[in-house]
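Quick notes on the structure that follows.
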Amino acid sequence: MTKPSKAGRTAPVVRFAPSPTGFLHIGGARTALFNWLYAKARGGRFLLRIEDTDRARNSPEAVAAILDGLKWLELDWEGDPVSQYSRAERHREVAHALLEAGGAYRCYLTQDELAQMRAEAEAEKRPFQVRSPWRDKPASDAPQDKPFAIRLKAPREGETTIADHVQGDVTYSNKELDDLIILRSDGSPTYNLAVVVDDHDMGVTHVVRGVDHLTNAARQTQIYQLMGWDVPEWAHVPLIHGPDGGKLSKRHGALGVEAYRAMGYLPAALRNYLVRLGWSHGDDEIISTDQMISWFDLDGIGKSPARFDFAKLEALNGHYIRSTDDAELVARTEAILPEIERGRDIPTSLDDLGRARLIASMPGLKERAKTLVELINSASYLFAQRPLNLQEKAEKLLDTDTRAMLGRLLPRFEALSGWEAADLETEVRTFSEQENLKLGKVAQPLRAALTGSTVSPPVFDVMAVLGREEALARLRDQVA
Ligand code: GLU
């Protein structure tokens with residue numbers, strides 16, 4: 001894990017560094033996507049680091065969920081994910097190196113002393129800042145056998161500027177930044193130290209992450225500078241807000257990626273939606289992954305928070321469903337069957353017949369569906385067991401007269417030699433003319449008898465997909 005020299009910085013190295021405290025939420029997914037795109041666009045490397053130092057809040061299930069979420073989104077990273085926790089020894093080594101080099105000092109302030117400093121600041125109505133007396137004391141004054149933390153000897157004069165690709169130049173007066181603890185008295189490294197050491201060792205050239213880490217960037221810059229390391233380039237991406245401009249709520253989309261999968265979204269659609277949340281390329285709405293890769297740039301990320309809009313995501317998903325091939329749609333639908341909200345009759349797994357029927361009906365189904373869940377649920381008639389359980393409207397439609405009419409139609413179907421949608425349509429058209437009925441007056445009851453519902457894909461397609469035997473059996477069930 002060595003970092004290329006500045007001159008060698010041709011291909012960027014980026015990373016996604018989630019804290020495994022829950023699932024891969026939608027904001028994290030977008031950060032991962034931006035990083036991935038940036039690497040892909042420039043022949044760079046996209047690395048993954050799991051920030052698992054908070055042992056109490058971190059779980060193996062959450063790590064697995066993050067990896068699954070990234071895999072589902074097809075954001076492939078290079079190499080094994082780096083565990084931040086496993087690198088604690090290296091973080092301690094750097095803290096001690098800083099101490100040796102005079103960029104940090106041993107601080108013996110106790111909790112009581114810190115509490116007192118805080119109380120004084122409050123009483124004087126000034127912001128609390130740690131001003132440790134140990135910063136400038138000679139080593140000879142240090143107490144023996146007393147616990148100490150290692151604090152950064154941060155510059156007190158001047159400014160620290162973050163030249164950010166998204167936020168522009170953001171300047172902090174060094175007076176505002178107090179001496180950060182880098183190693184706690186129990187020997188555990190703090191967050192900002194760990195991030196800097198890991199990013200440096202992983203050779204990260206560009207840090208792309210949420211704007212909530214902007215202040216950390218200033219702190220981290222100080223650590224880089226005191227270590228004499230190259231500071232990476234920064235891009236702090238605005239947060240995703242709800243449709244009302246407020247904090248994104250669960251109802252409005254603050255969900256894990258796995259929830260989007262279970263709602264029947266396609267990864268390509270979610271990628272397209274996420275990239276447009278905060279980044280744009282003219283007025284383009286539909287942007288293929290290849291186009292994203294060739295057009296994406298950090299400077300194109302907007303500064304104001306994006307608003308999450310389910311309707312847009314659905315519309316995009318509908319587009320991607322229509323342009324995805326049938327076999328892939330069936331495979332993706334099968335993969336989520338156990339976890340989705342299934343309508344009546346939909347099994348948790350498909351048998352060969354069910355799969356064949358679903359593939360055959362795909363051309364009609366995919367024209368209308370906005371999600372895979374809608375798609376499979378609108379195909380529930382394929383899986384229904386005879387005799388069909390009729391929905392109320394279908395039941396109404398199938399009164400004595402219409403059942404008698406279907407009874408006259410049935411033998412004509414039985415006599416047909418072909419069973420293609422076109423054969424069936426010709427037969428029904430001839431029949432309705434002879435009966436002096438409008439086509440719909442025949443087709444609607446037919447649909448009700450065959451699907452148990454009054455809405456379905458075109459009825460002749462339905463018959464063709466069900467096959468001669470099943471379709472005839474369903475009709476006989478209703479006319480007998
Ligand atoms: N672990 C941090 C988070 O999940 C990200 C830190 C970083 O990207 O530097 O918010």
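Chain identifiers are assigned as A, B, and so on, following the order in which chains appear in the structure tokens; residues are numbered from 1 within each chain, and ligands are numbered from 1 in order of appearance.
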Distance table requested - chain A against ligand 1, cut-off 7 Å, only C-alpha atoms and all ligand atoms: one row per qualifying residue with the closest atom pair and its distance in Å to one decimal, ordered by chain and rising residue number, as CSV.
```
residue,atom,partner,partner_atom_place_in_ligand_line,distance
A:Phe16,CA,ligand 1,8 (O),6.2
A:Ala17,CA,ligand 1,8 (O),4.8
A:Pro18,CA,ligand 1,4 (O),3.8
A:Ser19,CA,ligand 1,4 (O),4.2
A:Glu51,CA,ligand 1,1 (N),5.3
A:Val195,CA,ligand 1,9 (O),6.1
A:Val207,CA,ligand 1,8 (O),6.9
A:Val208,CA,ligand 1,8 (O),6.8
A:Arg209,CA,ligand 1,8 (O),4.9
A:Gly210,CA,ligand 1,10 (O),6.9
A:His213,CA,ligand 1,9 (O),6.9
```
Output the selection as a PDB file, in the first residue's frame - all heavy atoms for each residue.
```
ATOM      1  N   PHE A  16     -14.582   3.991  -1.154  1.00  0.00           N
ATOM      2  CA  PHE A  16     -15.839   4.183  -0.455  1.00  0.00           C
ATOM      3  C   PHE A  16     -15.576   3.624   0.934  1.00  0.00           C
ATOM      4  O   PHE A  16     -14.992   2.544   1.068  1.00  0.00           O
ATOM      5  CB  PHE A  16     -16.956   3.428  -1.184  1.00  0.00           C
ATOM      6  CG  PHE A  16     -18.289   3.479  -0.488  1.00  0.00           C
ATOM      7  CD1 PHE A  16     -18.832   4.701  -0.091  1.00  0.00           C
ATOM      8  CD2 PHE A  16     -19.006   2.318  -0.239  1.00  0.00           C
ATOM      9  CE1 PHE A  16     -20.066   4.750   0.552  1.00  0.00           C
ATOM     10  CE2 PHE A  16     -20.243   2.366   0.391  1.00  0.00           C
ATOM     11  CZ  PHE A  16     -20.768   3.578   0.786  1.00  0.00           C
ATOM     12  N   ALA A  17     -15.957   4.402   1.959  1.00  0.00           N
ATOM     13  CA  ALA A  17     -15.554   4.031   3.321  1.00  0.00           C
ATOM     14  C   ALA A  17     -16.741   4.006   4.285  1.00  0.00           C
ATOM     15  O   ALA A  17     -16.817   4.808   5.204  1.00  0.00           O
ATOM     16  CB  ALA A  17     -14.487   5.017   3.805  1.00  0.00           C
ATOM     17  N   PRO A  18     -17.676   3.086   4.070  1.00  0.00           N
ATOM     18  CA  PRO A  18     -18.871   3.095   4.918  1.00  0.00           C
ATOM     19  C   PRO A  18     -18.594   2.613   6.345  1.00  0.00           C
ATOM     20  O   PRO A  18     -17.700   1.787   6.560  1.00  0.00           O
ATOM     21  CB  PRO A  18     -19.801   2.098   4.213  1.00  0.00           C
ATOM     22  CG  PRO A  18     -18.877   1.158   3.527  1.00  0.00           C
ATOM     23  CD  PRO A  18     -17.695   1.985   3.090  1.00  0.00           C
ATOM     24  N   SER A  19     -19.364   3.147   7.279  1.00  0.00           N
ATOM     25  CA  SER A  19     -19.337   2.636   8.646  1.00  0.00           C
ATOM     26  C   SER A  19     -20.454   1.599   8.722  1.00  0.00           C
ATOM     27  O   SER A  19     -21.594   1.913   8.414  1.00  0.00           O
ATOM     28  CB  SER A  19     -19.625   3.763   9.638  1.00  0.00           C
ATOM     29  OG  SER A  19     -18.727   4.815   9.414  1.00  0.00           O
ATOM     30  N   GLU A  51     -15.242   1.015   7.793  1.00  0.00           N
ATOM     31  CA  GLU A  51     -14.823   1.794   8.968  1.00  0.00           C
ATOM     32  C   GLU A  51     -15.491   1.207  10.208  1.00  0.00           C
ATOM     33  O   GLU A  51     -16.488   1.714  10.720  1.00  0.00           O
ATOM     34  CB  GLU A  51     -15.137   3.275   8.744  1.00  0.00           C
ATOM     35  CG  GLU A  51     -14.476   3.753   7.441  1.00  0.00           C
ATOM     36  CD  GLU A  51     -13.942   5.159   7.463  1.00  0.00           C
ATOM     37  OE1 GLU A  51     -14.697   6.071   7.838  1.00  0.00           O
ATOM     38  OE2 GLU A  51     -12.768   5.352   7.091  1.00  0.00           O
ATOM     39  N   VAL A 195      -8.671   7.628   9.450  1.00  0.00           N
ATOM     40  CA  VAL A 195      -9.044   7.922   8.061  1.00  0.00           C
ATOM     41  C   VAL A 195      -7.824   8.416   7.275  1.00  0.00           C
ATOM     42  O   VAL A 195      -7.569   7.968   6.154  1.00  0.00           O
ATOM     43  CB  VAL A 195     -10.186   8.978   8.013  1.00  0.00           C
ATOM     44  CG1 VAL A 195     -10.398   9.487   6.599  1.00  0.00           C
ATOM     45  CG2 VAL A 195     -11.468   8.371   8.566  1.00  0.00           C
ATOM     46  N   VAL A 207     -10.769  12.125  -2.314  1.00  0.00           N
ATOM     47  CA  VAL A 207     -11.748  11.711  -1.310  1.00  0.00           C
ATOM     48  C   VAL A 207     -13.105  12.300  -1.705  1.00  0.00           C
ATOM     49  O   VAL A 207     -13.276  13.515  -1.740  1.00  0.00           O
ATOM     50  CB  VAL A 207     -11.319  12.199   0.094  1.00  0.00           C
ATOM     51  CG1 VAL A 207     -12.443  11.998   1.096  1.00  0.00           C
ATOM     52  CG2 VAL A 207     -10.061  11.458   0.541  1.00  0.00           C
ATOM     53  N   VAL A 208     -14.019  11.417  -2.053  1.00  0.00           N
ATOM     54  CA  VAL A 208     -15.367  11.839  -2.446  1.00  0.00           C
ATOM     55  C   VAL A 208     -16.318  11.287  -1.406  1.00  0.00           C
ATOM     56  O   VAL A 208     -16.413  10.072  -1.230  1.00  0.00           O
ATOM     57  CB  VAL A 208     -15.729  11.265  -3.848  1.00  0.00           C
ATOM     58  CG1 VAL A 208     -17.102  11.759  -4.282  1.00  0.00           C
ATOM     59  CG2 VAL A 208     -14.666  11.616  -4.877  1.00  0.00           C
ATOM     60  N   ARG A 209     -17.012  12.155  -0.674  1.00  0.00           N
ATOM     61  CA  ARG A 209     -17.868  11.684   0.424  1.00  0.00           C
ATOM     62  C   ARG A 209     -18.890  12.759   0.760  1.00  0.00           C
ATOM     63  O   ARG A 209     -18.923  13.819   0.137  1.00  0.00           O
ATOM     64  CB  ARG A 209     -17.001  11.356   1.644  1.00  0.00           C
ATOM     65  CG  ARG A 209     -16.268  12.570   2.163  1.00  0.00           C
ATOM     66  CD  ARG A 209     -15.288  12.217   3.290  1.00  0.00           C
ATOM     67  NE  ARG A 209     -14.504  13.383   3.660  1.00  0.00           N
ATOM     68  CZ  ARG A 209     -13.429  13.350   4.434  1.00  0.00           C
ATOM     69  NH1 ARG A 209     -12.995  12.206   4.928  1.00  0.00           N
ATOM     70  NH2 ARG A 209     -12.784  14.450   4.729  1.00  0.00           N
ATOM     71  N   GLY A 210     -19.718  12.484   1.759  1.00  0.00           N
ATOM     72  CA  GLY A 210     -20.797  13.405   2.122  1.00  0.00           C
ATOM     73  C   GLY A 210     -20.263  14.698   2.725  1.00  0.00           C
ATOM     74  O   GLY A 210     -19.198  14.724   3.359  1.00  0.00           O
ATOM     75  N   HIS A 213     -18.819  15.577   6.227  1.00  0.00           N
ATOM     76  CA  HIS A 213     -17.422  15.353   6.627  1.00  0.00           C
ATOM     77  C   HIS A 213     -16.507  16.532   6.298  1.00  0.00           C
ATOM     78  O   HIS A 213     -15.281  16.427   6.416  1.00  0.00           O
ATOM     79  CB  HIS A 213     -16.874  14.094   5.948  1.00  0.00           C
ATOM     80  CG  HIS A 213     -17.446  12.836   6.525  1.00  0.00           C
ATOM     81  ND1 HIS A 213     -17.022  12.296   7.713  1.00  0.00           N
ATOM     82  CD2 HIS A 213     -18.442  12.029   6.092  1.00  0.00           C
ATOM     83  CE1 HIS A 213     -17.716  11.202   7.986  1.00  0.00           C
ATOM     84  NE2 HIS A 213     -18.592  11.022   7.014  1.00  0.00           N
TER      85      HIS A 213
END
```
Near-region 332-342 of chain A list (12 Å; only C-alpha atoms; drop same-chain fewer than 3 positions) as a VMD selection string:
chain A and resid 72 258 to 267 321 324 to 329 345 to 352 354 to 355 358 to 359 362 366 371 to 380 383
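With only C-alpha atoms as the atoms that count, the residue of A:Ala56, A:Leu398, A:Met292, A:Ala471 with the shortest distance to Ala268 (chain A) is A:Met292.
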Can I get the residues of region 295-407 of chain A within 10 Å of region 240-252 of chain A, each with the closest pair of atoms and their distance in Å to one decimal, using only C-alpha atoms, sorted chain first then ascending number, as CSV?
```
residue,atom,partner,partner_atom,distance
A:Ser304,CA,A:Ile240,CA,9.3
A:Pro305,CA,A:Ile240,CA,5.6
A:Ala306,CA,A:Ile240,CA,5.1
A:Arg307,CA,A:His241,CA,4.8
A:Phe308,CA,A:Gly242,CA,5.3
A:Asp309,CA,A:Pro243,CA,6.1
A:Phe310,CA,A:His252,CA,7.3
```
Closest of A:Leu114, A:Ala11, A:Pro363, A:Ala194 to Asp54 (chain A), counting only C-alpha atoms, is A:Ala194
Could you give me, as a PDB file with N, CA, C and O atoms, in the first residue's frame, each residue of region 236-334 of chain A that DSSP assigns to strand (DSSP E or B) when run on this structure's backbone?
```
ATOM      1  N   HIS A 236     -16.787  17.090  -1.553  1.00  0.00           N
ATOM      2  CA  HIS A 236     -17.815  16.835  -0.531  1.00  0.00           C
ATOM      3  C   HIS A 236     -19.190  17.051  -1.149  1.00  0.00           C
ATOM      4  O   HIS A 236     -19.558  18.158  -1.525  1.00  0.00           O
ATOM      5  N   VAL A 237     -19.905  15.966  -1.239  1.00  0.00           N
ATOM      6  CA  VAL A 237     -21.151  15.897  -1.984  1.00  0.00           C
ATOM      7  C   VAL A 237     -22.336  16.273  -1.084  1.00  0.00           C
ATOM      8  O   VAL A 237     -22.406  15.799   0.049  1.00  0.00           O
ATOM      9  N   ILE A 240     -28.786  14.149   0.400  1.00  0.00           N
ATOM     10  CA  ILE A 240     -30.035  13.962  -0.335  1.00  0.00           C
ATOM     11  C   ILE A 240     -31.179  14.346   0.606  1.00  0.00           C
ATOM     12  O   ILE A 240     -31.255  13.841   1.728  1.00  0.00           O
ATOM     13  N   HIS A 241     -32.018  15.245   0.153  1.00  0.00           N
ATOM     14  CA  HIS A 241     -33.150  15.664   0.974  1.00  0.00           C
ATOM     15  C   HIS A 241     -34.444  14.999   0.508  1.00  0.00           C
ATOM     16  O   HIS A 241     -34.503  14.408  -0.567  1.00  0.00           O
ATOM     17  N   LYS A 247     -35.183  16.801   5.849  1.00  0.00           N
ATOM     18  CA  LYS A 247     -34.381  15.585   5.983  1.00  0.00           C
ATOM     19  C   LYS A 247     -35.107  14.430   5.286  1.00  0.00           C
ATOM     20  O   LYS A 247     -36.340  14.341   5.359  1.00  0.00           O
ATOM     21  N   GLY A 256     -32.463   1.346   2.820  1.00  0.00           N
ATOM     22  CA  GLY A 256     -31.288   0.616   2.367  1.00  0.00           C
ATOM     23  C   GLY A 256     -31.480   0.186   0.919  1.00  0.00           C
ATOM     24  O   GLY A 256     -32.608   0.073   0.433  1.00  0.00           O
ATOM     25  N   TRP A 279     -25.838  15.383  -9.866  1.00  0.00           N
ATOM     26  CA  TRP A 279     -24.910  15.550 -10.991  1.00  0.00           C
ATOM     27  C   TRP A 279     -25.751  15.596 -12.258  1.00  0.00           C
ATOM     28  O   TRP A 279     -26.787  14.945 -12.348  1.00  0.00           O
ATOM     29  N   ILE A 301     -20.721  18.015 -10.129  1.00  0.00           N
ATOM     30  CA  ILE A 301     -21.642  17.755  -9.009  1.00  0.00           C
ATOM     31  C   ILE A 301     -22.127  19.098  -8.457  1.00  0.00           C
ATOM     32  O   ILE A 301     -21.337  19.994  -8.202  1.00  0.00           O
ATOM     33  N   ALA A 306     -29.883  17.597  -3.346  1.00  0.00           N
ATOM     34  CA  ALA A 306     -30.847  17.060  -4.300  1.00  0.00           C
ATOM     35  C   ALA A 306     -32.087  16.592  -3.543  1.00  0.00           C
ATOM     36  O   ALA A 306     -32.012  16.282  -2.364  1.00  0.00           O
ATOM     37  N   ARG A 307     -33.215  16.592  -4.236  1.00  0.00           N
ATOM     38  CA  ARG A 307     -34.438  16.095  -3.601  1.00  0.00           C
ATOM     39  C   ARG A 307     -34.836  14.756  -4.189  1.00  0.00           C
ATOM     40  O   ARG A 307     -34.904  14.605  -5.411  1.00  0.00           O
TER      41      ARG A 307
END
```
